[in-house]
file target03.cif (mmCIF, C-alpha atoms, pLDDT in the B column; chains and numbers go by the auth columns)
data_my_file
loop_
_atom_site.group_PDB
_atom_site.id
_atom_site.type_symbol
_atom_site.label_atom_id
_atom_site.label_comp_id
_atom_site.label_asym_id
_atom_site.label_seq_id
_atom_site.Cartn_x
_atom_site.Cartn_y
_atom_site.Cartn_z
_atom_site.B_iso_or_equiv
_atom_site.auth_seq_id
_atom_site.auth_asym_id
ATOM 1 C CA MET A 1 17.862 -2.285 -8.582 82.00 1 A
ATOM 2 C CA ASN A 2 14.389 -2.713 -10.068 90.00 2 A
ATOM 3 C CA TYR A 3 11.258 -0.871 -8.915 92.00 3 A
ATOM 4 C CA ARG A 4 9.948 -3.870 -6.965 92.00 4 A
ATOM 5 C CA GLU A 5 13.115 -3.826 -4.845 94.00 5 A
ATOM 6 C CA LYS A 6 12.941 -0.046 -4.474 94.00 6 A
ATOM 7 C CA PHE A 7 9.306 -0.312 -3.370 95.00 7 A
ATOM 8 C CA PHE A 8 9.998 -2.944 -0.717 95.00 8 A
ATOM 9 C CA ASN A 9 13.116 -1.180 0.597 95.00 9 A
ATOM 10 C CA LEU A 10 11.120 2.023 1.107 96.00 10 A
ATOM 11 C CA PHE A 11 8.061 0.104 2.333 96.00 11 A
ATOM 12 C CA THR A 12 10.148 -1.563 5.049 96.00 12 A
ATOM 13 C CA MET A 13 11.544 1.826 6.103 96.00 13 A
ATOM 14 C CA CYS A 14 8.001 3.211 6.243 96.00 14 A
ATOM 15 C CA ALA A 15 6.866 0.337 8.479 95.00 15 A
ATOM 16 C CA LYS A 16 9.878 0.658 10.791 95.00 16 A
ATOM 17 C CA SER A 17 9.331 4.399 11.156 96.00 17 A
ATOM 18 C CA GLY A 18 5.786 3.831 12.413 95.00 18 A
ATOM 19 C CA SER A 19 4.194 5.488 9.388 96.00 19 A
ATOM 20 C CA LEU A 20 2.312 2.380 8.253 97.00 20 A
ATOM 21 C CA ALA A 21 -1.064 1.237 9.599 96.00 21 A
ATOM 22 C CA LYS A 22 -1.493 -2.478 8.839 96.00 22 A
ATOM 23 C CA GLY A 23 -4.966 -3.977 8.471 95.00 23 A
ATOM 24 C CA PHE A 24 -8.411 -2.740 7.453 96.00 24 A
ATOM 25 C CA ASP A 25 -9.625 -1.511 10.845 96.00 25 A
ATOM 26 C CA VAL A 26 -6.432 0.378 11.698 97.00 26 A
ATOM 27 C CA SER A 27 -6.338 1.858 8.190 96.00 27 A
ATOM 28 C CA LYS A 28 -9.951 2.979 8.559 96.00 28 A
ATOM 29 C CA GLU A 29 -9.055 4.756 11.819 96.00 29 A
ATOM 30 C CA SER A 30 -6.168 6.490 10.038 96.00 30 A
ATOM 31 C CA VAL A 31 -8.432 7.652 7.206 96.00 31 A
ATOM 32 C CA THR A 32 -11.238 8.892 9.476 95.00 32 A
ATOM 33 C CA GLY A 33 -8.691 10.530 11.784 95.00 33 A
ATOM 34 C CA GLY A 34 -7.135 12.432 8.881 95.00 34 A
ATOM 35 C CA LYS A 35 -3.733 10.777 9.293 96.00 35 A
ATOM 36 C CA ALA A 36 -3.613 8.663 6.109 97.00 36 A
ATOM 37 C CA ALA A 37 -1.828 10.066 3.051 97.00 37 A
ATOM 38 C CA CYS A 38 -2.891 7.043 0.972 97.00 38 A
ATOM 39 C CA VAL A 39 -4.288 3.550 1.401 98.00 39 A
ATOM 40 C CA MET A 40 -2.754 0.559 -0.363 97.00 40 A
ATOM 41 C CA VAL A 41 -4.390 -2.785 -1.124 98.00 41 A
ATOM 42 C CA THR A 42 -2.699 -5.943 -2.368 97.00 42 A
ATOM 43 C CA SER A 43 -3.600 -7.657 -5.624 95.00 43 A
ATOM 44 C CA ASP A 44 -5.114 -10.662 -3.821 96.00 44 A
ATOM 45 C CA VAL A 45 -7.427 -8.809 -1.442 96.00 45 A
ATOM 46 C CA SER A 46 -11.066 -9.964 -1.650 96.00 46 A
ATOM 47 C CA PRO A 47 -13.488 -8.028 -3.881 96.00 47 A
ATOM 48 C CA LYS A 48 -15.602 -7.174 -0.823 97.00 48 A
ATOM 49 C CA THR A 49 -12.603 -5.736 1.042 96.00 49 A
ATOM 50 C CA LEU A 50 -11.555 -3.786 -2.049 96.00 50 A
ATOM 51 C CA LYS A 51 -15.066 -2.334 -2.376 97.00 51 A
ATOM 52 C CA GLU A 52 -15.198 -1.352 1.327 97.00 52 A
ATOM 53 C CA THR A 53 -11.714 0.150 1.161 97.00 53 A
ATOM 54 C CA ALA A 54 -12.561 2.145 -1.974 97.00 54 A
ATOM 55 C CA PHE A 55 -15.705 3.498 -0.275 97.00 55 A
ATOM 56 C CA MET A 56 -13.718 4.424 2.851 96.00 56 A
ATOM 57 C CA CYS A 57 -11.064 6.219 0.770 96.00 57 A
ATOM 58 C CA GLU A 58 -13.640 8.082 -1.316 96.00 58 A
ATOM 59 C CA LYS A 59 -15.466 9.205 1.809 95.00 59 A
ATOM 60 C CA GLY A 60 -12.202 10.371 3.407 95.00 60 A
ATOM 61 C CA SER A 61 -10.762 11.883 0.190 96.00 61 A
ATOM 62 C CA VAL A 62 -7.685 9.648 0.439 97.00 62 A
ATOM 63 C CA PRO A 63 -6.043 8.099 -2.667 97.00 63 A
ATOM 64 C CA LEU A 64 -6.378 4.335 -3.052 97.00 64 A
ATOM 65 C CA VAL A 65 -3.423 2.461 -4.563 96.00 65 A
ATOM 66 C CA GLU A 66 -3.887 -1.057 -5.884 95.00 66 A
ATOM 67 C CA LEU A 67 -0.508 -2.756 -5.550 95.00 67 A
ATOM 68 C CA PRO A 68 0.902 -5.300 -8.011 94.00 68 A
ATOM 69 C CA PHE A 69 2.013 -7.337 -4.962 95.00 69 A
ATOM 70 C CA THR A 70 0.358 -10.028 -2.832 95.00 70 A
ATOM 71 C CA MET A 71 -0.206 -10.329 0.910 96.00 71 A
ATOM 72 C CA GLU A 72 2.616 -12.884 0.918 96.00 72 A
ATOM 73 C CA ASP A 73 4.983 -10.283 -0.599 95.00 73 A
ATOM 74 C CA ILE A 74 3.960 -7.778 2.084 95.00 74 A
ATOM 75 C CA GLY A 75 4.437 -10.388 4.811 94.00 75 A
ATOM 76 C CA ASN A 76 7.926 -11.209 3.567 94.00 76 A
ATOM 77 C CA SER A 77 8.802 -7.512 3.659 93.00 77 A
ATOM 78 C CA ILE A 78 7.446 -6.420 7.045 93.00 78 A
ATOM 79 C CA GLY A 79 6.900 -9.700 8.885 92.00 79 A
ATOM 80 C CA ARG A 80 3.108 -9.551 8.906 93.00 80 A
ATOM 81 C CA LYS A 81 0.667 -10.288 6.113 94.00 81 A
ATOM 82 C CA ALA A 82 -1.734 -7.471 5.372 95.00 82 A
ATOM 83 C CA GLY A 83 -4.077 -6.783 2.480 96.00 83 A
ATOM 84 C CA VAL A 84 -4.934 -3.186 3.421 97.00 84 A
ATOM 85 C CA MET A 85 -2.410 -0.643 4.678 97.00 85 A
ATOM 86 C CA ALA A 86 -2.542 3.101 5.265 97.00 86 A
ATOM 87 C CA VAL A 87 0.595 5.173 4.754 97.00 87 A
ATOM 88 C CA CYS A 88 0.542 8.065 7.224 97.00 88 A
ATOM 89 C CA ASP A 89 3.449 10.091 5.829 96.00 89 A
ATOM 90 C CA ALA A 90 3.013 12.138 2.655 96.00 90 A
ATOM 91 C CA GLY A 91 6.635 11.701 1.492 96.00 91 A
ATOM 92 C CA PHE A 92 6.560 7.922 1.887 97.00 92 A
ATOM 93 C CA ALA A 93 3.125 7.790 0.242 96.00 93 A
ATOM 94 C CA ARG A 94 4.246 9.764 -2.810 97.00 94 A
ATOM 95 C CA LYS A 95 7.346 7.639 -3.477 96.00 95 A
ATOM 96 C CA LEU A 96 5.623 4.317 -2.717 96.00 96 A
ATOM 97 C CA ARG A 97 2.832 5.168 -5.164 95.00 97 A
ATOM 98 C CA GLU A 98 5.433 6.049 -7.801 95.00 98 A
ATOM 99 C CA TYR A 99 7.431 2.839 -7.269 95.00 99 A
ATOM 100 C CA ALA A 100 4.289 0.677 -7.239 94.00 100 A
ATOM 101 C CA GLU A 101 3.168 2.118 -10.582 93.00 101 A
ATOM 102 C CA GLN A 102 6.621 1.657 -12.109 93.00 102 A
ATOM 103 C CA ALA A 103 6.794 -1.919 -10.770 91.00 103 A
ATOM 104 C CA ARG A 104 3.416 -2.609 -12.396 88.00 104 A
ATOM 105 C CA GLU A 105 4.720 -1.248 -15.725 89.00 105 A
ATOM 106 C CA GLU A 106 7.918 -3.334 -15.394 84.00 106 A
ATOM 107 C CA ASN A 107 5.871 -6.499 -14.976 77.00 107 A
ATOM 108 C CA ASN A 108 3.636 -5.765 -17.967 73.00 108 A
ATOM 109 C CA VAL A 109 6.542 -5.275 -20.379 50.00 109 A
#
call {"tool": "encode", "arguments": {"input": "target03.cif", "output": "C-alpha cells"}}
result
Amino acid sequence: MNYREKFFNLFTMCAKSGSLAKGFDVSKESVTGGKAACVMVTSDVSPKTLKETAFMCEKGSVPLVELPFTMEDIGNSIGRKAGVMAVCDAGFARKLREYAEQAREENNV
C-alpha cells in the first residue's frame, strides 16, 4: 500500500469519526474555537483562499498543510469536494501530515 492510499484510508476514517471540518468557513470556526489540530488545503485551491487560510492558521497558531491532492481526490474519498479542511483530532492530524508528506515525496521520485 502506497502513502496516497494510506492517507485516503485514514482521511476517510477521520471524516467518518466527525473529526474533519470541511470548507473554509467551518475550518475557520474550528481554528478560532481552538479545536483544529491542523488545517489542510488541496493543491488546486485558489491563491486567494490559500493566502486567507495561511493568515487564519498563523493567527490561530495552527499548522497549515498543503496537500499533494486535488479537490476531486478529496471528493472521491469523502463524498464532498473541499479545498480547505480542518482536522480536529491531534492523532489523526499527526499521521495525515506524515502520510501527505510521504505521498508528496513518492510523487517527486
call {"tool": "residues_near_point", "arguments": {"input": "target03.cif", "point": "(-0.1, -10.3, 4.0)", "cutoff": "7 Å", "atoms": "all atoms listed in the file", "output": "list in words"}}
result
Thr70, Met71, Glu72, Asp73, Ile74, Gly75, Arg80, Lys81, Ala82 and Gly83 of chain A
call {"tool": "resolve_selection", "arguments": {"input": "target03.cif", "expression": "the PyMOL selection byres ((chain A and resi 90-98) around 9)", "output": "ChimeraX atom specification"}}
result
/A:6-8,10-11,13-14,19,36-40,65,67,86-89,99-103
call {"tool": "residues_around", "arguments": {"input": "target03.cif", "residues": "Glu52 of chain A", "least_positions_apart": "4", "cutoff": "12 Å", "atoms": "all atoms listed in the file", "output": "PyMOL selection string"}}
result
chain A and resi 24-25+27-28+39+41+45-48+56-59+64+84
call {"tool": "atom_distance", "arguments": {"input": "target03.cif", "atom1": "atom CA of Met1 of chain A", "atom2": "atom CA of Pro63 of chain A"}}
result
26.7 Å
call {"tool": "axis_aligned_box", "arguments": {"input": "target03.cif", "around": "segment 11-28 of chain A", "padding_each_side": "8 Å", "output": "lines of an AutoDock Vina configuration file"}}
result
center_x = 0.8
center_y = 0.8
center_z = 7.4
size_x = 37.5
size_y = 25.5
size_z = 26.1
call {"tool": "atom_distance", "arguments": {"input": "target03.cif", "atom1": "atom CA of Glu105 of chain A", "atom2": "atom CA of Gly23 of chain A"}}
result
26.2 Å
call {"tool": "closest_residue", "arguments": {"input": "target03.cif", "among": "A:Leu50, A:Val62, A:Met85, A:Leu20", "to": "Thr32 of chain A", "atoms": "all atoms listed in the file"}}
result
A:Val62
